[in-house]
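> Below is the file protein_28.cif, which contains mmCIF, C-alpha atoms.
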```
data_run
loop_
_atom_site.label_atom_id
_atom_site.label_comp_id
_atom_site.auth_asym_id
_atom_site.auth_seq_id
_atom_site.Cartn_x
_atom_site.Cartn_y
_atom_site.Cartn_z
CA MET A 152 -82.39 106.73 -195.50
CA ARG A 153 -84.88 109.32 -196.64
CA VAL A 154 -88.58 109.55 -195.72
CA THR A 155 -91.31 112.04 -196.58
CA VAL A 156 -92.81 113.76 -193.56
CA ARG A 157 -96.38 115.11 -193.58
CA LEU A 158 -97.51 117.63 -190.98
CA PHE A 159 -101.04 118.85 -190.38
CA ALA A 160 -102.95 121.71 -188.78
CA ARG A 161 -100.92 123.51 -186.09
CA LEU A 162 -97.86 121.31 -186.64
CA ARG A 163 -97.88 122.37 -190.30
CA GLU A 164 -98.10 126.01 -189.31
CA LEU A 165 -95.33 125.72 -186.70
CA ALA A 166 -92.98 124.14 -189.23
CA GLY A 167 -94.09 126.50 -191.99
CA ARG A 168 -94.72 123.59 -194.36
CA GLY A 169 -96.78 120.44 -194.63
CA ASP A 170 -94.44 118.26 -196.69
CA LEU A 171 -90.73 117.79 -196.23
CA ASP A 172 -88.00 115.25 -196.74
CA CYS A 173 -86.21 113.90 -193.70
CA GLU A 174 -82.87 112.15 -193.78
CA CYS A 175 -82.25 109.55 -191.06
CA PRO A 176 -78.77 108.15 -190.55
CA GLY A 177 -78.33 104.44 -191.25
CA ASP A 178 -80.65 101.85 -192.79
CA ALA A 179 -82.96 101.23 -189.84
CA ALA A 180 -85.06 103.87 -188.14
CA THR A 181 -88.28 104.24 -186.20
CA VAL A 182 -91.01 106.85 -186.15
CA ALA A 183 -89.39 108.22 -182.98
CA ASP A 184 -86.11 108.74 -184.85
CA VAL A 185 -87.91 110.72 -187.54
CA TRP A 186 -89.62 112.84 -184.87
CA GLN A 187 -86.24 113.58 -183.26
CA GLN A 188 -84.84 114.73 -186.61
CA LEU A 189 -87.90 116.87 -187.13
CA VAL A 190 -87.71 118.53 -183.71
CA ALA A 191 -84.01 119.25 -184.27
CA ARG A 192 -85.00 121.19 -187.38
CA TYR A 193 -88.17 122.74 -185.96
CA PRO A 194 -87.80 123.12 -182.17
CA ALA A 195 -91.26 124.73 -182.00
CA LEU A 196 -92.71 121.22 -182.49
CA ALA A 197 -91.12 119.88 -179.29
CA PRO A 198 -94.07 120.65 -176.96
CA TYR A 199 -96.19 118.25 -179.06
CA GLU A 200 -93.94 115.29 -178.17
CA ARG A 201 -96.58 113.60 -175.99
CA ALA A 202 -99.69 114.76 -177.84
CA VAL A 203 -98.98 113.70 -181.43
CA SER A 204 -100.22 110.58 -183.10
CA CYS A 205 -98.29 109.14 -186.01
CA ALA A 206 -98.91 107.22 -189.19
CA VAL A 207 -96.68 105.39 -191.66
CA ASN A 208 -97.92 105.23 -195.25
CA ALA A 209 -101.38 106.39 -194.12
CA GLU A 210 -101.81 103.70 -191.45
CA TYR A 211 -101.75 104.54 -187.74
CA ALA A 212 -98.39 103.58 -186.24
CA ARG A 213 -96.48 103.68 -182.94
CA ARG A 214 -93.35 105.62 -182.03
CA THR A 215 -91.54 102.29 -182.11
CA SER A 216 -92.81 101.37 -185.59
CA PRO A 217 -90.03 100.87 -188.16
CA VAL A 218 -89.80 103.17 -191.15
CA ALA A 219 -88.16 102.31 -194.47
CA ASP A 220 -86.60 104.39 -197.22
CA GLY A 221 -89.32 106.17 -199.19
CA ASP A 222 -92.02 105.84 -196.51
CA GLU A 223 -94.47 108.64 -195.77
CA VAL A 224 -94.45 109.43 -192.05
CA ALA A 225 -97.25 111.67 -190.78
CA PHE A 226 -97.45 113.46 -187.43
CA LEU A 227 -100.93 114.36 -186.28
CA PRO A 228 -101.83 116.85 -183.55
CA PRO A 229 -104.88 116.00 -181.42
CA VAL A 230 -107.85 115.65 -183.76
CA SER A 231 -110.94 117.87 -183.74
CA GLY A 232 -113.33 116.69 -186.42
CA GLY A 233 -117.08 116.73 -186.09
CA MET B 178 -122.10 110.69 -203.83
CA THR B 179 -122.89 107.06 -203.14
CA SER B 180 -120.04 105.90 -200.93
CA LEU B 181 -120.81 105.09 -197.29
CA THR B 182 -117.77 107.11 -196.22
CA ALA B 183 -116.44 110.33 -197.66
CA ILE B 184 -114.14 113.25 -196.95
CA THR B 185 -115.26 115.98 -199.31
CA PRO B 186 -115.10 119.74 -199.92
CA SER B 187 -118.65 119.56 -201.33
CA VAL B 188 -121.84 120.52 -199.49
CA LEU B 189 -123.20 117.56 -197.50
CA ASP B 190 -126.67 116.16 -198.17
CA PRO B 191 -128.29 114.51 -195.12
CA VAL B 192 -131.26 113.25 -197.15
CA ALA B 193 -129.04 111.52 -199.70
CA LEU B 194 -127.00 109.96 -196.90
CA ALA B 195 -130.16 108.68 -195.19
CA HIS B 196 -131.16 107.01 -198.47
CA LEU B 197 -127.81 105.19 -198.51
CA VAL B 198 -128.67 103.29 -195.32
CA GLU B 199 -132.26 102.41 -196.19
CA ALA B 200 -133.32 98.79 -196.58
CA ALA B 201 -136.68 97.05 -196.84
CA GLY B 202 -136.12 95.42 -193.45
CA HIS B 203 -135.21 98.68 -191.72
CA GLY B 204 -137.82 100.30 -189.53
CA ALA B 205 -135.55 103.16 -188.44
CA VAL B 206 -133.18 105.66 -189.98
CA CYS B 207 -131.37 108.05 -187.66
CA THR B 208 -129.47 111.07 -189.04
CA PHE B 209 -127.01 113.26 -187.16
CA VAL B 210 -125.89 116.57 -188.63
CA GLY B 211 -122.97 118.44 -187.05
CA VAL B 212 -123.36 122.15 -187.77
CA VAL B 213 -120.94 125.09 -187.55
CA ARG B 214 -121.83 127.12 -184.46
CA ASP B 215 -121.32 130.89 -184.11
CA HIS B 216 -119.60 130.72 -180.72
CA HIS B 217 -116.96 128.68 -178.92
CA ALA B 218 -115.17 129.26 -175.61
CA GLY B 219 -116.82 132.63 -175.20
CA ARG B 220 -115.74 133.85 -178.63
CA GLN B 221 -117.78 134.95 -181.61
CA VAL B 222 -116.88 132.51 -184.38
CA THR B 223 -117.01 133.85 -187.95
CA HIS B 224 -116.28 130.60 -189.81
CA LEU B 225 -114.30 127.34 -189.66
CA VAL B 226 -111.83 125.68 -191.98
CA TYR B 227 -111.49 121.89 -191.75
CA GLU B 228 -108.31 120.09 -192.78
CA ALA B 229 -108.00 116.30 -193.15
CA TYR B 230 -105.31 113.71 -193.75
CA GLU B 231 -107.62 112.24 -196.29
CA PRO B 232 -106.32 108.70 -196.94
CA LEU B 233 -106.04 107.96 -193.23
CA ALA B 234 -109.33 109.74 -192.44
CA LEU B 235 -111.14 107.48 -194.91
CA LYS B 236 -109.57 104.41 -193.32
CA ALA B 237 -110.57 105.64 -189.87
CA LEU B 238 -114.16 106.15 -191.05
CA ASP B 239 -114.15 102.62 -192.48
CA ARG B 240 -112.86 101.38 -189.14
CA ILE B 241 -115.81 103.03 -187.37
CA LEU B 242 -118.21 101.29 -189.77
CA ILE B 243 -116.55 97.95 -188.97
CA GLU B 244 -116.81 98.62 -185.23
CA CYS B 245 -120.51 99.45 -185.68
CA ALA B 246 -121.05 96.23 -187.65
CA ASP B 247 -119.41 94.24 -184.83
CA THR B 248 -121.79 95.70 -182.26
CA TRP B 249 -124.96 96.24 -184.30
CA PRO B 250 -124.74 93.69 -187.14
CA THR B 251 -128.16 94.60 -188.52
CA ALA B 252 -127.36 98.33 -188.78
CA ARG B 253 -126.01 100.07 -191.87
CA VAL B 254 -124.01 103.27 -191.23
CA ALA B 255 -122.75 106.07 -193.49
CA ILE B 256 -120.46 108.96 -192.51
CA HIS B 257 -119.51 111.97 -194.65
CA HIS B 258 -117.25 114.77 -193.36
CA ARG B 259 -116.66 118.05 -195.10
CA THR B 260 -113.33 119.87 -195.51
CA GLY B 261 -112.33 123.43 -196.42
CA PRO B 262 -114.03 126.67 -195.38
CA LEU B 263 -117.50 126.40 -193.81
CA ALA B 264 -119.88 129.21 -192.89
CA ILE B 265 -121.98 129.37 -189.72
CA GLY B 266 -124.94 127.01 -190.06
CA GLU B 267 -123.34 124.72 -192.63
CA ALA B 268 -123.09 120.96 -192.01
CA SER B 269 -119.56 119.78 -191.24
CA VAL B 270 -120.46 116.13 -190.73
CA VAL B 271 -123.44 113.91 -191.47
CA ILE B 272 -123.94 110.43 -190.04
CA ALA B 273 -126.86 108.18 -191.00
CA ALA B 274 -127.71 104.79 -189.54
CA GLY B 275 -130.49 102.48 -190.66
CA SER B 276 -131.57 99.40 -188.73
CA PRO B 277 -134.58 97.16 -188.14
CA HIS B 278 -135.40 98.94 -184.85
CA ARG B 279 -134.67 102.41 -183.49
CA ALA B 280 -132.36 101.46 -180.61
CA GLU B 281 -129.55 100.26 -182.89
CA ALA B 282 -129.93 103.24 -185.24
CA PHE B 283 -129.69 105.77 -182.40
CA ALA B 284 -126.80 103.95 -180.73
CA ALA B 285 -124.78 103.45 -183.92
CA THR B 286 -125.21 107.13 -184.81
CA ARG B 287 -124.05 108.36 -181.41
CA TYR B 288 -121.20 105.86 -181.27
CA SER B 289 -120.01 106.97 -184.72
CA ILE B 290 -119.80 110.67 -183.86
CA GLU B 291 -118.02 109.92 -180.57
CA ARG B 292 -115.47 107.70 -182.35
CA LEU B 293 -115.05 110.22 -185.17
CA LYS B 294 -114.03 112.82 -182.60
CA GLN B 295 -111.51 110.34 -181.14
CA ILE B 296 -109.76 108.77 -184.10
CA VAL B 297 -110.43 110.49 -187.44
CA PRO B 298 -107.53 112.78 -188.51
CA ILE B 299 -109.52 115.96 -189.19
CA TRP B 300 -108.75 119.37 -187.68
CA LYS B 301 -110.93 122.38 -187.09
CA HIS B 302 -109.36 125.81 -187.63
CA GLU B 303 -111.52 128.34 -185.87
CA PHE B 304 -111.72 131.92 -187.10
CA PHE B 305 -113.18 134.36 -184.59
CA ASP B 306 -113.35 138.10 -184.03
CA GLY B 307 -109.73 138.97 -183.26
CA GLY B 308 -107.85 135.86 -184.35
CA THR B 309 -107.69 132.19 -185.25
CA GLU B 310 -107.03 128.97 -183.35
CA TRP B 311 -106.60 125.30 -184.17
CA VAL B 312 -108.99 123.30 -182.04
CA GLU B 313 -107.22 120.28 -180.52
CA GLY B 314 -109.28 117.49 -179.02
CA ALA B 315 -108.23 113.89 -178.61
CA THR B 316 -104.83 112.34 -179.29
CA ALA B 317 -105.90 109.76 -181.85
CA ASP B 318 -105.24 106.14 -180.90
CA PRO B 319 -107.61 103.68 -182.57
CA ASP B 320 -106.36 100.85 -180.34
CA ASP B 321 -107.16 102.66 -177.08
CA ALA B 322 -109.76 100.32 -175.60
CA GLY B 323 -110.69 102.87 -172.94
CA ALA B 324 -111.64 105.48 -175.53
CA ARG B 325 -113.70 102.95 -177.45
CA ALA B 326 -115.47 101.90 -174.26
CA GLU B 327 -116.25 105.53 -173.47
CA ALA B 328 -117.78 106.01 -176.94
CA MET B 329 -119.87 102.89 -176.37
CA ARG B 330 -120.95 104.10 -172.93
CA ARG B 331 -122.17 107.39 -174.41
CA ALA B 332 -123.89 105.61 -177.30
CA CYS B 333 -125.85 103.35 -174.99
CA ALA B 334 -126.50 105.80 -172.14
#
```
With the file now loaded, output its structure as structure tokens.

Amino acid sequence: MRVTVRLFARLRELAGRGDLDCECPGDAATVADVWQQLVARYPALAPYERAVSCAVNAEYARRTSPVADGDEVAFLPPVSGG
Amino acid sequence: MTSLTAITPSVLDPVALAHLVEAAGHGAVCTFVGVVRDHHAGRQVTHLVYEAYEPLALKALDRILIECADTWPTARVAIHHRTGPLAIGEASVVIAAGSPHRAEAFAATRYSIERLKQIVPIWKHEFFDGGTEWVEGATADPDDAGARAEAMRRACA
């Protein structure tokens, strides 16, 4: 199962890119599974484990939210608009 | 620009936004303008660059408008946030609220900026003399009732 991952701000800089494909084994996965795959590839993201928010297809989601093939999964560092 | 919510690289226009929330029955229009400041955490800031996850940011702004309508049903609120590079003194965000009486307009404006800082996926990249830093504020969770209550407390203080 393949999803598109979007990273923003410092997460984007730590990974060196804002868009990437992520392959998850099997047919069923959660946002947390995608994060684990991501951290395996980019260990510098690991300290953000507790601070990130996540979204699936541009809707806020939980770590436990399911993801499907082709979904866009976004990881968001703490926000600072205004 | 005529939409009540926007994420835009264009210069913001507080007067135009105030017009968006006018109505014949409104006796008050309150406008808040967030402006790029030349210092932060003891550093001399040269400029900022704002980044947004635009589709989700627009939905989060719409959510704030819905929350305002739940609390102040007679108020009309508009929120525009800028992205890209901004110079000192430029407006990064403009919020306008119109309502029959001033209390709702002031409260809805304050509530909106507090909620924006909590749940809208926008990031501030600060450039200062000697380096850069991503500013990181709140971990966004729109369903966090405590955060929403805190925004309401500040709005109605």
> Please determine, counting all atoms listed in the file, which residue among A:Ala183, A:Val207, A:Val190, A:Leu165 has the shortest atom-to-atom distance to Gly221 (chain A).
A:Val207
> Here's the selection I'm unsure about, the PyMOL selection byres ((chain B and resi 313) around 12); applied to the file above, which residues does it give, as a list in words?
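Taken over the shown coordinates, the PyMOL selection byres ((chain B and resi 313) around 12) returns Phe159, Ala160, Arg161, Leu162, Tyr199, Ala202, Val203, Leu227, Pro228, Pro229, Val230, Ser231, Gly232 and Gly233 of chain A; Lys294, Gln295, Pro298, Ile299, Trp300, Lys301, His302, Glu303, Glu310, Trp311, Val312, Gly314, Ala315, Thr316 and Ala317 of chain B.
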> Any chance you can output those residues with C-alpha atoms as a PDB file, in the coordinates of the input?

```pdb
ATOM      1  CA  PHE A 159    -101.040 118.850-190.380  1.00  0.00           C
ATOM      2  CA  ALA A 160    -102.950 121.710-188.780  1.00  0.00           C
ATOM      3  CA  ARG A 161    -100.920 123.510-186.090  1.00  0.00           C
ATOM      4  CA  LEU A 162     -97.860 121.310-186.640  1.00  0.00           C
ATOM      5  CA  TYR A 199     -96.190 118.250-179.060  1.00  0.00           C
ATOM      6  CA  ALA A 202     -99.690 114.760-177.840  1.00  0.00           C
ATOM      7  CA  VAL A 203     -98.980 113.700-181.430  1.00  0.00           C
ATOM      8  CA  LEU A 227    -100.930 114.360-186.280  1.00  0.00           C
ATOM      9  CA  PRO A 228    -101.830 116.850-183.550  1.00  0.00           C
ATOM     10  CA  PRO A 229    -104.880 116.000-181.420  1.00  0.00           C
ATOM     11  CA  VAL A 230    -107.850 115.650-183.760  1.00  0.00           C
ATOM     12  CA  SER A 231    -110.940 117.870-183.740  1.00  0.00           C
ATOM     13  CA  GLY A 232    -113.330 116.690-186.420  1.00  0.00           C
ATOM     14  CA  GLY A 233    -117.080 116.730-186.090  1.00  0.00           C
TER      15      GLY A 233
ATOM     16  CA  LYS B 294    -114.030 112.820-182.600  1.00  0.00           C
ATOM     17  CA  GLN B 295    -111.510 110.340-181.140  1.00  0.00           C
ATOM     18  CA  PRO B 298    -107.530 112.780-188.510  1.00  0.00           C
ATOM     19  CA  ILE B 299    -109.520 115.960-189.190  1.00  0.00           C
ATOM     20  CA  TRP B 300    -108.750 119.370-187.680  1.00  0.00           C
ATOM     21  CA  LYS B 301    -110.930 122.380-187.090  1.00  0.00           C
ATOM     22  CA  HIS B 302    -109.360 125.810-187.630  1.00  0.00           C
ATOM     23  CA  GLU B 303    -111.520 128.340-185.870  1.00  0.00           C
ATOM     24  CA  GLU B 310    -107.030 128.970-183.350  1.00  0.00           C
ATOM     25  CA  TRP B 311    -106.600 125.300-184.170  1.00  0.00           C
ATOM     26  CA  VAL B 312    -108.990 123.300-182.040  1.00  0.00           C
ATOM     27  CA  GLY B 314    -109.280 117.490-179.020  1.00  0.00           C
ATOM     28  CA  ALA B 315    -108.230 113.890-178.610  1.00  0.00           C
ATOM     29  CA  THR B 316    -104.830 112.340-179.290  1.00  0.00           C
ATOM     30  CA  ALA B 317    -105.900 109.760-181.850  1.00  0.00           C
TER      31      ALA B 317
END
```
> Applied to this file, what does the PyMOL selection byres ((chain B) within 12 of (chain A)) return in terms of residues, put as a PyMOL selection string?
chain B and resi 184+209-214+225-238+240+256-260+268-272+287+289-303+309-320
> Just to confirm, what's the straight-line distance from CA of Ala195 (chain A) to CA of Phe226 (chain A) in Å (one decimal)?
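We find that CA of Ala195 (chain A) and CA of Phe226 (chain A) lie 14.0 Å from each other.
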> Evaluating the PyMOL selection byres ((chain A and resi 171-173) around 6) on the displayed file yields which residues, as a compact mmCIF listing (two decimals) with C-alpha atoms, in the frame of the given file?

```txt
# COMPACT_ATOMS: atom_id res chain seq x y z
CA ARG A 153 -84.88 109.32 -196.64
CA VAL A 154 -88.58 109.55 -195.72
CA THR A 155 -91.31 112.04 -196.58
CA VAL A 156 -92.81 113.76 -193.56
CA ASP A 170 -94.44 118.26 -196.69
CA GLU A 174 -82.87 112.15 -193.78
```
> So the first atom is CA of Ser180 (chain B) and the second is CA of Leu197 (chain B); what is the distance between them in Å, to one decimal place?
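Separation of CA of Ser180 (chain B) and CA of Leu197 (chain B): 8.2 Å.
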> I'd like to know which of B:Ala255, B:Val206, B:Ala201, B:Ala264 is closest to Ala282 (chain B), using only C-alpha atoms.
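Closest to Ala282 (chain B), using only C-alpha atoms: B:Val206.
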> Taking into account only C-alpha atoms, which residue in the set B:Ala274, B:Cys207, B:Ala322, B:Ile265 is nearest to Val222 (chain B)?
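Going through B:Ala274, B:Cys207, B:Ala322, B:Ile265 one by one, the smallest distance to Val222 (chain B) is for B:Ile265.
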> Could you tell me how far CA of Leu263 (chain B) sits from CA of Pro191 (chain B), in Å to one decimal place?
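Spanning CA of Pro191 (chain B) to CA of Leu263 (chain B) is a straight-line distance of 16.1 Å.
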> Which one of A:Asp222, A:Met152, A:Arg214, A:Leu196 sits closest to Asp184 (chain A) if you count only C-alpha atoms?
A:Arg214
> Can you work out which one of A:Arg192, A:Glu200, A:Ser216, A:Arg163 has the shortest atom-to-atom distance to Ala180 (chain A), counting all atoms listed in the file?
A:Ser216
> Any chance you could work out the axis-aligned box around region 287-296 of chain B, listed atoms only, 3 Å on each side, giving centre and edge lengths in Å to one decimal, as lines of an AutoDock Vina configuration file?

```
center_x = -116.9
center_y = 109.3
center_z = -182.9
size_x = 20.3
size_y = 13.0
size_z = 10.6
```
> Just the residues within 10 Å of Tyr288 (chain B), please, counting all atoms listed in the file, with nothing from its chain fewer than 3 positions along; format it as a list in words.
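Returned residues: Ile241, Glu244, Cys245, Ala282, Phe283, Ala284, Ala285, Glu291, Arg292, Leu293, Arg325, Ala326, Glu327, Ala328, Met329, Arg330, Arg331, Ala332 and Cys333 of chain B.
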> Do a neighbour search on Thr181 (chain A) at 6 Å with only C-alpha atoms, toss out local chain neighbours closer than 5 positions, and write the hits as a list in words.
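Once the nearby chain positions are removed, what remains is Thr215, Ser216, Pro217 and Val218 of chain A.
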> Which residues are close to Val254 (chain B), i.e. within 7 Å by all atoms listed in the file, leaving aside same-chain residues fewer than 3 positions away? Reply as an NGL selection string.
:B and (198 or 242 or 273-275)
> Which residue, B:Ala280, B:Ala183, B:Ala218, B:Ala246, has the smallest gap to His203 (chain B) when you use all atoms listed in the file?
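That would be B:Ala280, the residue with the smallest distance to His203 (chain B).
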